[in-house]
>>> print(open('structure.cif').read())   # mmCIF, C-alpha atoms and all ligand atoms
data_query
#
loop_
_atom_site.label_atom_id
_atom_site.label_comp_id
_atom_site.auth_asym_id
_atom_site.auth_seq_id
_atom_site.Cartn_x
_atom_site.Cartn_y
_atom_site.Cartn_z
CA MET S 1 37.98 -116.65 0.61
CA ILE S 2 37.18 -113.76 2.97
CA SER S 3 34.29 -111.71 1.55
CA TYR S 4 33.24 -108.18 2.51
CA GLY S 5 29.97 -109.17 4.19
CA LYS S 6 28.04 -112.22 5.34
CA GLN S 7 25.07 -113.18 7.51
CA THR S 8 25.42 -114.58 11.06
CA ILE S 9 22.91 -117.37 11.69
CA ASN S 10 22.78 -119.51 14.83
CA GLN S 11 20.57 -122.28 16.19
CA SER S 12 18.00 -119.87 17.65
CA ASP S 13 17.44 -118.41 14.16
CA ILE S 14 17.06 -121.89 12.68
CA ASP S 15 14.63 -122.90 15.45
CA ALA S 16 12.55 -119.76 14.86
CA VAL S 17 12.20 -120.52 11.14
CA ILE S 18 11.44 -124.21 11.74
CA GLY S 19 8.77 -123.21 14.26
CA VAL S 20 6.94 -121.30 11.51
CA LEU S 21 7.45 -124.04 8.92
CA LYS S 22 5.72 -126.49 11.28
CA GLY S 23 2.80 -124.14 11.85
CA ASP S 24 -0.25 -123.08 9.81
CA TRP S 25 0.97 -119.86 8.24
CA LEU S 26 3.82 -119.60 5.77
CA THR S 27 2.74 -116.15 4.66
CA GLN S 28 0.22 -113.48 5.75
CA GLY S 29 0.25 -114.95 9.25
CA PRO S 30 1.11 -113.68 12.76
CA ALA S 31 4.92 -113.73 12.45
CA VAL S 32 4.72 -110.74 10.08
CA GLU S 33 2.86 -108.62 12.61
CA THR S 34 5.18 -109.76 15.41
CA PHE S 35 8.22 -108.71 13.37
CA GLU S 36 6.59 -105.37 12.59
CA ASN S 37 5.89 -104.80 16.29
CA ASN S 38 9.49 -105.67 17.14
CA LEU S 39 10.73 -103.20 14.52
CA LYS S 40 8.42 -100.49 15.91
CA ASN S 41 9.76 -101.04 19.43
CA TYR S 42 13.40 -101.17 18.43
CA PHE S 43 13.38 -98.13 16.16
CA GLY S 44 10.79 -96.10 18.07
CA ALA S 45 8.41 -95.89 15.10
CA LYS S 46 4.63 -95.67 15.39
CA HIS S 47 4.30 -97.85 12.27
CA ALA S 48 6.41 -100.47 10.51
CA CYS S 49 5.37 -102.37 7.40
CA ALA S 50 7.58 -105.33 6.45
CA VAL S 51 8.00 -105.90 2.71
CA ALA S 52 9.79 -108.13 0.20
CA ASN S 53 13.09 -106.18 0.09
CA GLY S 54 14.65 -102.76 0.59
CA THR S 55 13.98 -101.78 -3.03
CA ALA S 56 10.26 -102.54 -2.60
CA ALA S 57 10.33 -100.39 0.56
CA LEU S 58 11.72 -97.48 -1.48
CA HIS S 59 9.27 -98.05 -4.34
CA LEU S 60 6.28 -98.05 -1.99
CA THR S 61 7.65 -94.97 -0.23
CA GLY S 62 7.63 -93.00 -3.49
CA MET S 63 4.07 -94.18 -4.20
CA ALA S 64 2.86 -93.37 -0.69
CA LEU S 65 4.43 -89.91 -0.95
CA SER S 66 2.58 -89.44 -4.28
CA TRP S 67 5.64 -88.73 -6.41
CA LYS S 68 4.43 -87.87 -9.90
CA PRO S 69 5.98 -87.28 -13.34
CA GLY S 70 7.87 -83.99 -13.24
CA ASP S 71 8.47 -84.03 -9.47
CA ILE S 72 12.12 -83.42 -8.59
CA VAL S 73 13.52 -85.92 -6.09
CA ILE S 74 17.12 -85.62 -4.94
CA THR S 75 19.54 -88.17 -3.49
CA THR S 76 23.29 -88.76 -3.31
CA PRO S 77 25.42 -90.38 -6.05
CA ILE S 78 27.14 -92.57 -3.43
CA THR S 79 24.37 -95.09 -2.91
CA PHE S 80 23.06 -98.31 -4.36
CA LEU S 81 21.06 -98.04 -7.61
CA ALA S 82 17.80 -98.78 -5.77
CA THR S 83 17.78 -95.38 -4.03
CA ALA S 84 17.76 -93.52 -7.34
CA ASN S 85 15.72 -96.11 -9.23
CA CYS S 86 12.74 -95.63 -6.93
CA ILE S 87 12.55 -92.03 -8.19
CA VAL S 88 12.45 -93.30 -11.77
CA TYR S 89 9.77 -95.91 -10.88
CA ALA S 90 7.49 -92.94 -10.07
CA ASP S 91 8.40 -91.21 -13.36
CA ALA S 92 9.70 -88.40 -11.18
CA THR S 93 12.95 -86.62 -12.12
CA PRO S 94 16.07 -87.80 -10.26
CA ASP S 95 18.79 -85.36 -9.32
CA PHE S 96 21.85 -85.67 -7.09
CA VAL S 97 23.70 -83.60 -4.53
CA ASP S 98 27.35 -84.29 -3.82
CA ILE S 99 28.53 -85.93 -0.61
CA ASP S 100 30.35 -84.26 2.24
CA PRO S 101 34.06 -85.23 1.96
CA VAL S 102 34.28 -86.20 5.63
CA THR S 103 31.02 -88.06 6.36
CA TYR S 104 30.39 -89.38 2.81
CA THR S 105 26.69 -88.52 3.25
CA ILE S 106 24.69 -85.89 1.35
CA SER S 107 26.07 -82.39 1.93
CA PRO S 108 23.41 -80.13 3.52
CA ASN S 109 25.15 -77.01 2.15
CA HIS S 110 25.17 -78.27 -1.43
CA LEU S 111 21.59 -79.45 -0.97
CA GLU S 112 20.36 -76.02 0.08
CA GLU S 113 22.22 -74.42 -2.84
CA LYS S 114 20.56 -76.84 -5.26
CA VAL S 115 17.07 -76.31 -3.80
CA LYS S 116 17.59 -72.53 -4.07
CA THR S 117 18.75 -72.84 -7.67
CA TYR S 118 15.57 -74.74 -8.51
CA GLN S 119 13.55 -72.08 -6.69
CA LEU S 120 15.09 -69.34 -8.84
CA GLN S 121 13.93 -71.33 -11.89
CA GLY S 122 10.40 -71.45 -10.43
CA LYS S 123 10.75 -75.16 -9.60
CA LYS S 124 10.13 -76.90 -6.30
CA VAL S 125 11.89 -79.96 -4.94
CA LYS S 126 9.36 -82.65 -3.95
CA ALA S 127 11.55 -84.91 -1.81
CA VAL S 128 15.09 -85.70 -0.69
CA ILE S 129 16.37 -89.18 0.13
CA GLY S 130 19.31 -89.10 2.55
CA VAL S 131 21.38 -92.27 2.76
CA ASP S 132 23.08 -93.18 6.04
CA TYR S 133 26.01 -94.43 3.99
CA ALA S 134 28.03 -97.33 5.44
CA GLY S 135 26.25 -96.87 8.78
CA TYR S 136 27.12 -93.21 9.41
CA PRO S 137 23.95 -91.10 9.84
CA CYS S 138 23.46 -88.05 7.63
CA ASP S 139 23.36 -84.61 9.26
CA TRP S 140 19.65 -85.15 9.92
CA LYS S 141 19.17 -82.01 11.99
CA ALA S 142 20.40 -79.86 9.12
CA LEU S 143 18.42 -81.86 6.55
CA ARG S 144 15.21 -81.51 8.61
CA GLU S 145 15.72 -77.75 8.88
CA ILE S 146 16.19 -77.42 5.12
CA ALA S 147 13.18 -79.67 4.46
CA ASP S 148 10.98 -77.52 6.71
CA LYS S 149 12.32 -74.27 5.23
CA TYR S 150 11.70 -75.31 1.61
CA ASP S 151 8.78 -77.65 2.29
CA PHE S 152 9.91 -80.95 0.83
CA GLN S 153 9.48 -84.56 1.98
CA LEU S 154 12.41 -86.20 3.72
CA VAL S 155 13.19 -89.92 3.36
CA ASN S 156 15.93 -91.85 5.15
CA ASP S 157 17.33 -94.78 3.18
CA ASN S 158 18.50 -96.32 6.41
CA CYS S 159 19.56 -99.69 4.92
CA HIS S 160 23.18 -99.36 6.16
CA ALA S 161 22.59 -97.86 9.57
CA LEU S 162 20.64 -100.29 11.74
CA GLY S 163 22.10 -99.93 15.22
CA SER S 164 23.83 -96.59 14.65
CA THR S 165 23.13 -93.66 16.94
CA TYR S 166 22.75 -89.96 16.17
CA ASN S 167 23.16 -87.61 19.14
CA SER S 168 23.20 -90.77 21.32
CA ASP S 169 19.78 -91.79 19.98
CA LYS S 170 19.37 -95.14 18.23
CA GLN S 171 15.76 -94.24 17.38
CA TYR S 172 16.77 -91.10 15.49
CA ALA S 173 15.66 -92.14 12.00
CA VAL S 174 11.87 -91.68 12.26
CA LYS S 175 12.34 -88.54 14.36
CA TYR S 176 13.88 -86.62 11.47
CA ALA S 177 12.65 -88.29 8.28
CA ASP S 178 9.02 -88.58 7.20
CA VAL S 179 9.66 -92.12 5.99
CA VAL S 180 12.50 -94.55 6.74
CA THR S 181 13.36 -97.59 4.61
CA GLN S 182 15.42 -100.60 5.64
CA SER S 183 16.81 -103.75 3.98
CA TYR S 184 17.48 -107.15 5.53
CA HIS S 185 19.61 -108.57 2.73
CA PRO S 186 22.20 -111.08 4.10
CA VAL S 187 25.09 -108.59 4.00
CA LYS S 188 23.13 -106.11 6.15
CA HIS S 189 23.13 -105.98 9.97
CA ILE S 190 20.22 -108.37 10.34
CA THR S 191 18.74 -110.61 7.68
CA THR S 192 15.50 -112.16 6.55
CA GLY S 193 17.08 -113.54 3.34
CA GLU S 194 15.45 -110.92 1.18
CA GLY S 195 13.37 -108.38 3.07
CA GLY S 196 12.83 -104.79 4.04
CA ALA S 197 10.50 -102.43 5.84
CA VAL S 198 8.97 -98.97 5.71
CA LEU S 199 8.93 -97.17 9.07
CA THR S 200 7.04 -93.96 9.75
CA ASN S 201 5.16 -92.05 12.43
CA ASN S 202 2.49 -91.06 9.90
CA SER S 203 -0.53 -93.40 9.96
CA ASP S 204 -1.82 -92.31 6.51
CA LEU S 205 1.51 -93.12 4.88
CA ASP S 206 1.63 -96.46 6.68
CA GLY S 207 -1.92 -97.27 5.54
CA LYS S 208 -1.00 -96.52 1.93
CA VAL S 209 2.19 -98.60 2.08
CA ARG S 210 0.21 -101.52 3.58
CA ARG S 211 -2.42 -101.42 0.81
CA LEU S 212 0.16 -101.03 -1.96
CA ARG S 213 2.20 -103.95 -0.55
CA SER S 214 -0.76 -106.19 -1.44
CA HIS S 215 -2.16 -105.09 -4.84
CA GLY S 216 -3.74 -101.87 -3.54
CA MET S 217 -6.46 -103.99 -1.90
CA THR S 218 -8.40 -102.90 1.16
CA LYS S 219 -11.01 -104.51 3.41
CA ASN S 220 -11.16 -101.50 5.71
CA PRO S 221 -14.92 -100.70 6.07
CA ASN S 222 -14.09 -96.97 6.31
CA LEU S 223 -12.50 -97.03 2.85
CA LEU S 224 -14.93 -99.28 0.95
CA GLU S 225 -17.32 -97.77 -1.60
CA ASN S 226 -19.58 -100.85 -1.39
CA ASN S 227 -19.67 -103.82 0.93
CA ASP S 228 -21.13 -107.07 -0.38
CA GLY S 229 -20.20 -109.13 2.68
CA PRO S 230 -17.34 -110.51 4.80
CA TRP S 231 -15.40 -111.69 1.70
CA TYR S 232 -15.46 -108.25 0.14
CA TYR S 233 -12.41 -106.18 -0.82
CA GLU S 234 -11.83 -103.22 -3.10
CA MET S 235 -8.89 -101.84 -5.03
CA HIS S 236 -8.64 -98.06 -5.39
CA GLU S 237 -5.03 -97.72 -6.53
CA MET S 238 -2.47 -99.86 -8.38
CA GLY S 239 -0.34 -101.94 -6.03
CA TYR S 240 2.02 -104.91 -6.09
CA ASN S 241 2.72 -108.17 -4.34
CA TYR S 242 5.61 -106.96 -2.17
CA ARG S 243 4.72 -109.16 0.80
CA ILE S 244 7.29 -110.94 2.96
CA THR S 245 6.71 -114.46 4.31
CA ASP S 246 6.15 -115.55 7.91
CA PHE S 247 9.29 -117.68 8.04
CA GLN S 248 11.37 -114.71 6.88
CA CYS S 249 9.78 -112.55 9.57
CA ALA S 250 10.44 -115.20 12.24
CA LEU S 251 14.10 -115.04 11.21
CA GLY S 252 13.93 -111.23 11.32
CA SER S 253 12.56 -111.18 14.88
CA SER S 254 15.22 -113.64 16.01
CA GLN S 255 17.97 -111.59 14.33
CA LEU S 256 16.70 -108.29 15.72
CA LYS S 257 17.28 -109.57 19.27
CA LYS S 258 20.99 -109.83 18.37
CA LEU S 259 21.36 -106.54 16.49
CA GLY S 260 23.13 -104.88 19.44
CA GLN S 261 25.75 -107.61 19.68
CA PHE S 262 26.19 -107.77 15.89
CA VAL S 263 26.90 -104.04 15.72
CA GLN S 264 29.26 -104.31 18.68
CA LYS S 265 31.30 -106.96 16.82
CA ARG S 266 31.44 -104.74 13.74
CA ARG S 267 32.66 -101.83 15.89
CA GLU S 268 35.40 -103.99 17.40
CA ILE S 269 36.65 -104.90 13.91
CA ALA S 270 36.44 -101.26 12.80
CA LYS S 271 38.48 -100.21 15.83
CA LYS S 272 41.29 -102.54 14.74
CA TYR S 273 41.15 -101.24 11.18
CA ASN S 274 41.13 -97.63 12.43
CA LYS S 275 44.18 -98.25 14.60
CA SER S 276 46.10 -99.98 11.82
CA PHE S 277 45.27 -97.58 9.01
CA SER S 278 45.35 -94.16 10.67
CA ASN S 279 49.04 -93.48 10.11
CA GLY S 280 50.67 -92.28 6.95
CA ASP S 281 49.48 -90.17 4.07
CA LYS S 282 48.11 -92.84 1.75
CA LEU S 283 45.03 -93.95 3.70
CA ILE S 284 41.90 -92.22 5.02
CA ILE S 285 39.77 -94.10 7.56
CA PRO S 286 36.03 -93.43 7.98
CA GLU S 287 35.04 -90.51 10.20
CA THR S 288 34.37 -91.04 13.90
CA HIS S 289 32.48 -88.39 15.86
CA SER S 290 31.60 -88.06 19.54
CA SER S 291 27.85 -87.64 18.89
CA ILE S 292 27.60 -90.50 16.41
CA GLU S 293 28.07 -94.24 16.79
CA HIS S 294 28.84 -95.75 13.41
CA ALA S 295 27.08 -99.04 12.64
CA TYR S 296 29.74 -100.14 10.11
CA HIS S 297 27.60 -101.94 7.59
CA LEU S 298 30.67 -101.14 5.51
CA TYR S 299 34.22 -100.16 6.34
CA PRO S 300 35.09 -97.75 3.51
CA LEU S 301 38.84 -97.17 3.39
CA GLN S 302 40.17 -94.51 1.03
CA ILE S 303 43.54 -95.20 -0.55
CA ASP S 304 45.48 -92.60 -2.46
CA PHE S 305 46.33 -94.81 -5.41
CA LYS S 306 48.24 -91.95 -7.03
CA LYS S 307 50.75 -92.15 -4.19
CA LEU S 308 51.03 -95.94 -4.62
CA SER S 309 52.57 -97.24 -7.78
CA LEU S 310 49.45 -99.40 -8.16
CA THR S 311 46.01 -99.02 -9.70
CA LYS S 312 42.89 -99.93 -7.78
CA ALA S 313 42.36 -102.93 -10.09
CA GLN S 314 45.92 -104.15 -9.34
CA PHE S 315 45.28 -103.68 -5.62
CA PHE S 316 42.09 -105.79 -5.89
CA LYS S 317 44.04 -108.48 -7.77
CA LYS S 318 46.77 -108.62 -5.13
CA MET S 319 44.18 -108.97 -2.36
CA LYS S 320 42.34 -111.68 -4.30
CA GLU S 321 45.61 -113.61 -4.60
CA VAL S 322 45.61 -113.87 -0.80
CA ASP S 323 41.92 -114.87 -0.77
CA ILE S 324 40.50 -111.52 0.32
CA LYS S 325 37.63 -110.32 -1.82
CA LEU S 326 37.15 -106.56 -1.64
CA LYS S 327 34.24 -104.52 -2.96
CA VAL S 328 33.57 -100.90 -3.88
CA HIS S 329 30.57 -98.97 -2.57
CA PHE S 330 29.47 -97.43 -4.77
CA ILE S 331 29.98 -96.58 -8.41
CA PRO S 332 28.40 -93.09 -8.39
CA VAL S 333 24.87 -93.50 -9.74
CA HIS S 334 25.31 -90.60 -12.20
CA PHE S 335 28.08 -92.62 -13.89
CA GLN S 336 25.53 -95.23 -14.97
CA PRO S 337 24.80 -95.17 -18.69
CA PHE S 338 21.05 -95.22 -17.93
CA TYR S 339 21.26 -92.01 -15.89
CA GLN S 340 23.65 -90.33 -18.34
CA LYS S 341 21.53 -91.17 -21.42
CA ASN S 342 18.14 -90.40 -19.90
CA TYR S 343 18.89 -87.51 -17.57
CA GLY S 344 22.03 -85.92 -19.04
CA PHE S 345 24.42 -86.48 -16.13
CA ASN S 346 28.14 -86.42 -16.89
CA THR S 347 31.46 -87.26 -15.33
CA GLY S 348 32.57 -84.18 -13.40
CA ASP S 349 29.08 -83.29 -12.12
CA PHE S 350 29.74 -84.41 -8.52
CA PRO S 351 33.51 -84.18 -7.92
CA VAL S 352 33.62 -85.24 -4.26
CA SER S 353 31.65 -88.43 -4.97
CA GLU S 354 33.82 -89.13 -7.98
CA SER S 355 37.08 -88.73 -6.08
CA PHE S 356 35.67 -90.86 -3.25
CA TYR S 357 34.79 -93.58 -5.77
CA ARG S 358 38.31 -93.53 -7.22
CA ASN S 359 39.83 -94.04 -3.77
CA GLU S 360 37.32 -96.21 -1.89
CA ILE S 361 37.58 -99.92 -1.10
CA SER S 362 35.21 -101.76 1.26
CA LEU S 363 37.05 -104.03 3.67
CA PRO S 364 35.55 -107.27 5.02
CA ILE S 365 33.41 -106.57 8.07
CA TYR S 366 30.81 -108.85 9.66
CA PRO S 367 30.33 -110.39 13.11
CA ASP S 368 31.73 -113.84 12.25
CA LEU S 369 34.98 -112.49 10.80
CA THR S 370 37.70 -114.10 12.94
CA THR S 371 40.59 -112.30 14.64
CA ASP S 372 42.92 -114.10 12.23
CA ASP S 373 40.90 -112.92 9.25
CA VAL S 374 41.04 -109.31 10.47
CA SER S 375 44.82 -109.59 11.02
CA SER S 376 45.22 -111.07 7.56
CA VAL S 377 43.31 -108.15 5.98
CA ILE S 378 45.38 -105.62 7.94
CA ASN S 379 48.76 -107.24 7.30
CA ASN S 380 48.15 -107.73 3.60
CA ILE S 381 47.02 -104.14 3.10
CA LEU S 382 49.95 -102.74 5.08
CA GLU S 383 52.34 -104.92 3.09
CA ILE S 384 50.92 -103.79 -0.25
CA ILE S 385 50.96 -100.10 0.63
CA SER S 386 54.49 -100.22 2.01
CA GLY S 387 55.28 -101.91 -1.27
C1 LIG E 1 21.59 -97.89 0.34
C2 LIG E 1 20.75 -99.02 -0.15
N1 LIG E 1 19.46 -98.80 -0.44
C3 LIG E 1 18.64 -99.79 -0.88
C4 LIG E 1 19.12 -101.07 -1.06
C5 LIG E 1 18.19 -102.12 -1.61
O1 LIG E 1 17.91 -103.12 -0.69
P1 LIG E 1 17.48 -104.59 -1.19
O2 LIG E 1 18.69 -105.26 -1.73
O3 LIG E 1 16.95 -105.25 0.04
O4 LIG E 1 16.43 -104.41 -2.24
C6 LIG E 1 20.45 -101.35 -0.77
C7 LIG E 1 20.96 -102.73 -0.96
O5 LIG E 1 22.11 -103.01 -1.06
C8 LIG E 1 21.30 -100.32 -0.32
O6 LIG E 1 22.59 -100.53 -0.04
#
>>> encode(input="structure.cif", output="structure tokens")
Amino acid sequence: MISYGKQTINQSDIDAVIGVLKGDWLTQGPAVETFENNLKNYFGAKHACAVANGTAALHLTGMALSWKPGDIVITTPITFLATANCIVYADATPDFVDIDPVTYTISPNHLEEKVKTYQLQGKKVKAVIGVDYAGYPCDWKALREIADKYDFQLVNDNCHALGSTYNSDKQYAVKYADVVTQSYHPVKHITTGEGGAVLTNNSDLDGKVRRLRSHGMTKNPNLLENNDGPWYYEMHEMGYNYRITDFQCALGSSQLKKLGQFVQKRREIAKKYNKSFSNGDKLIIPETHSSIEHAYHLYPLQIDFKKLSLTKAQFFKKMKEVDIKLKVHFIPVHFQPFYQKNYGFNTGDFPVSESFYRNEISLPIYPDLTTDDVSSVINNILEIISG
């Protein structure tokens, strides 16, 4: 069965993990700091705090940015649940802005309209989480300008875009967003099993994230109210155990060395898909742009099922019959019963996201996908659509 995503592990990764397993520290040891330093160097961030997963990174981001009940935090419907859920964790109020029909990322024009509408009601937007969906960066320049104009916090849920470039810059994320979150789940560009990180250039935010990662504890003499001795620690705010282990971080450092080649492989596969699916009026391939290098965490292909005499479910079934397991990214978050019941969202609220959802399928894409596998995906899709 060909799946849509999968990790790539080689002997050097295995050796790196075994090296830690044979050492003194399984957790809270030096491999964590080494991984954090490697992340800082790669992504050009002053600070990087590695955590248990991408969802924990988002949760801690909301806490570090002091989101409170009543604060309005906006994201896009075309994202994984975690991006919106982190707003709810803070008891803040989630809202959405529709995607741009070409880039599939949050539309800056619709965002500014929404922020203005809130302003007219005497309400202020606290934060916006842009999602570099599938590996295509948001229009960060526009988002930064709007954030500065209306004074809100800007977060980049960068989980899909490791290795992408924006205006030829692979270190773009921390330059535009106040906080950047990443995930190292096995289907992502690099993996630590479960894992994630919070990257920022702001030392106060990093300090908060670090304390909250470990129960809100601090041993920093500058922050202590008392100091009974070298064993002493204090807790000033509620935190969690969102730590990541040393053997995961050793894997992360080993994987990060190969990020460039992993992304290159993904681009080569995407190039073949682009070439095969760019003709005809039933398919729309993901956008390519001269100032952006897509990282292709996903390859979202849009199919006009109305023009085929097939439903999306039938299409999935046909592909499964030839051992190709497709996925859909994502069911718009405002379709979820939780968000409809608790926040009053309805079908029809975000039409571009909804039409994208109806059409989108995610094709298999990962470095170890063989040339034969790619040809099989292409041939089977072309056969079905010529149907
Ligand atoms: C856009 C986005 N944000 C956040 C997450 C959460 O990451 P994790 O699974 O590491 O918690 C994911 C995971 O799929 C994601 O796709």
>>> residues_near_ligand(input="structure.cif", ligand="ligand LIG 1 (chain E)", cutoff="6 Å", atoms="only C-alpha atoms and all ligand atoms", output="list in words")
Asn53, Gly54, Thr55, Thr79, Phe80, Ala82, Thr83, Asp157, Cys159, Ser183, Tyr184, His185, Glu194, Gly195 and Gly196 of chain S
>>> write_last_selection(input="structure.cif", atoms="C-alpha atoms", output="mmCIF file, keeping the file's coordinate frame")
data_model
loop_
_atom_site.group_PDB
_atom_site.id
_atom_site.type_symbol
_atom_site.label_atom_id
_atom_site.label_comp_id
_atom_site.auth_asym_id
_atom_site.auth_seq_id
_atom_site.Cartn_x
_atom_site.Cartn_y
_atom_site.Cartn_z
ATOM 1 C CA ASN S 53 13.090 -106.180 0.090
ATOM 2 C CA GLY S 54 14.650 -102.760 0.590
ATOM 3 C CA THR S 55 13.980 -101.780 -3.030
ATOM 4 C CA THR S 79 24.370 -95.090 -2.910
ATOM 5 C CA PHE S 80 23.060 -98.310 -4.360
ATOM 6 C CA ALA S 82 17.800 -98.780 -5.770
ATOM 7 C CA THR S 83 17.780 -95.380 -4.030
ATOM 8 C CA ASP S 157 17.330 -94.780 3.180
ATOM 9 C CA CYS S 159 19.560 -99.690 4.920
ATOM 10 C CA SER S 183 16.810 -103.750 3.980
ATOM 11 C CA TYR S 184 17.480 -107.150 5.530
ATOM 12 C CA HIS S 185 19.610 -108.570 2.730
ATOM 13 C CA GLU S 194 15.450 -110.920 1.180
ATOM 14 C CA GLY S 195 13.370 -108.380 3.070
ATOM 15 C CA GLY S 196 12.830 -104.790 4.040
#
>>> closest_atom_pairs(input="structure.cif", of="stretch 122-153 of chain S", to="stretch 96-118 of chain S", cutoff="8 Å", atoms="all atoms listed in the file", output="CSV")
residue,atom,partner,partner_atom,distance
S:Gly122,CA,S:Tyr118,CA,6.4
S:Lys123,CA,S:Tyr118,CA,5.0
S:Lys124,CA,S:Tyr118,CA,6.3
S:Val125,CA,S:Val115,CA,6.4
S:Gly130,CA,S:Ile106,CA,6.4
S:Val131,CA,S:Thr105,CA,6.5
S:Asp132,CA,S:Thr105,CA,6.5
S:Tyr133,CA,S:Thr105,CA,6.0
S:Tyr136,CA,S:Thr103,CA,7.1
S:Pro137,CA,S:Thr105,CA,7.6
S:Cys138,CA,S:Thr105,CA,5.5
S:Asp139,CA,S:Pro108,CA,7.3
S:Ala142,CA,S:Pro108,CA,6.4
S:Leu143,CA,S:Pro108,CA,6.1
S:Ile146,CA,S:Glu112,CA,6.7
S:Tyr150,CA,S:Val115,CA,7.7
>>> closest_residue(input="structure.cif", among="S:Met217, S:Ile292, S:Leu212, S:Ile303", to="S:Gly239", atoms="only C-alpha atoms")
S:Leu212
>>> atom_distance(input="structure.cif", atom1="atom CA of S:Asn85", atom2="atom CA of S:Ser3")
26.5 Å
>>> closest_residue(input="structure.cif", among="S:Gly163, S:Pro77, S:Pro364, S:Pro221", to="S:Thr347", atoms="only C-alpha atoms")
S:Pro77
>>> atom_distance(input="structure.cif", atom1="atom CA of S:Ala161", atom2="atom CA of S:Ala295")
5.6 Å
>>> residues_around(input="structure.cif", residues="S:Val179", least_positions_apart="3", cutoff="8 Å", atoms="all atoms listed in the file", output="list in words")
Thr61, Leu154, Val155, Asn156, Val174, Val198, Leu199, Thr200 and Asn201 of chain S
>>> closest_residue(input="structure.cif", among="S:Tyr4, S:Phe152, S:Tyr296, S:Phe35", to="S:Leu251", atoms="only C-alpha atoms")
S:Phe35
>>> residues_around(input="structure.cif", residues="S:Asn241", least_positions_apart="5", cutoff="9 Å", atoms="all atoms listed in the file", output="ChimeraX atom specification")
/S:52,212-215
>>> atom_distance(input="structure.cif", atom1="atom CA of S:Arg267", atom2="atom CA of S:Lys170")
15.1 Å
>>> axis_aligned_box(input="structure.cif", around="stretch 320-338 of chain S", padding_each_side="6 Å", output="lines of an AutoDock Vina configuration file")
center_x = 33.3
center_y = -102.7
center_z = -9.2
size_x = 36.6
size_y = 36.3
size_z = 31.0
>>> build_atoms(input="structure.cif", residues="stretch 268-272 of chain S", atoms="all heavy atoms", output="PDB file, in the frame of the given file")
ATOM      1  N   GLU S 268      34.096-103.485  16.926  1.00  0.00           N
ATOM      2  CA  GLU S 268      35.400-103.990  17.400  1.00  0.00           C
ATOM      3  C   GLU S 268      36.353-104.183  16.213  1.00  0.00           C
ATOM      4  O   GLU S 268      37.541-103.854  16.295  1.00  0.00           O
ATOM      5  CB  GLU S 268      35.226-105.301  18.160  1.00  0.00           C
ATOM      6  CG  GLU S 268      34.705-105.075  19.572  1.00  0.00           C
ATOM      7  CD  GLU S 268      34.085-106.323  20.199  1.00  0.00           C
ATOM      8  OE1 GLU S 268      34.382-107.445  19.733  1.00  0.00           O
ATOM      9  OE2 GLU S 268      33.293-106.173  21.137  1.00  0.00           O
ATOM     10  N   ILE S 269      35.811-104.711  15.112  1.00  0.00           N
ATOM     11  CA  ILE S 269      36.650-104.900  13.910  1.00  0.00           C
ATOM     12  C   ILE S 269      37.086-103.537  13.373  1.00  0.00           C
ATOM     13  O   ILE S 269      38.264-103.322  13.047  1.00  0.00           O
ATOM     14  CB  ILE S 269      35.879-105.706  12.836  1.00  0.00           C
ATOM     15  CG1 ILE S 269      35.570-107.113  13.351  1.00  0.00           C
ATOM     16  CG2 ILE S 269      36.653-105.751  11.523  1.00  0.00           C
ATOM     17  CD1 ILE S 269      34.543-107.888  12.546  1.00  0.00           C
ATOM     18  N   ALA S 270      36.125-102.598  13.321  1.00  0.00           N
ATOM     19  CA  ALA S 270      36.440-101.260  12.800  1.00  0.00           C
ATOM     20  C   ALA S 270      37.526-100.588  13.634  1.00  0.00           C
ATOM     21  O   ALA S 270      38.404 -99.895  13.105  1.00  0.00           O
ATOM     22  CB  ALA S 270      35.178-100.402  12.776  1.00  0.00           C
ATOM     23  N   LYS S 271      37.484-100.821  14.935  1.00  0.00           N
ATOM     24  CA  LYS S 271      38.480-100.210  15.830  1.00  0.00           C
ATOM     25  C   LYS S 271      39.888-100.700  15.448  1.00  0.00           C
ATOM     26  O   LYS S 271      40.847 -99.919  15.417  1.00  0.00           O
ATOM     27  CB  LYS S 271      38.150-100.636  17.262  1.00  0.00           C
ATOM     28  CG  LYS S 271      38.426 -99.570  18.292  1.00  0.00           C
ATOM     29  CD  LYS S 271      37.806 -99.989  19.587  1.00  0.00           C
ATOM     30  CE  LYS S 271      38.348 -99.171  20.720  1.00  0.00           C
ATOM     31  NZ  LYS S 271      37.780 -99.595  21.989  1.00  0.00           N
ATOM     32  N   LYS S 272      39.975-101.989  15.138  1.00  0.00           N
ATOM     33  CA  LYS S 272      41.290-102.540  14.740  1.00  0.00           C
ATOM     34  C   LYS S 272      41.732-101.949  13.407  1.00  0.00           C
ATOM     35  O   LYS S 272      42.904-101.592  13.242  1.00  0.00           O
ATOM     36  CB  LYS S 272      41.208-104.065  14.625  1.00  0.00           C
ATOM     37  CG  LYS S 272      41.036-104.757  15.952  1.00  0.00           C
ATOM     38  CD  LYS S 272      41.080-106.263  15.777  1.00  0.00           C
ATOM     39  CE  LYS S 272      40.746-106.962  17.089  1.00  0.00           C
ATOM     40  NZ  LYS S 272      40.437-108.362  16.926  1.00  0.00           N
TER      41      LYS S 272
END
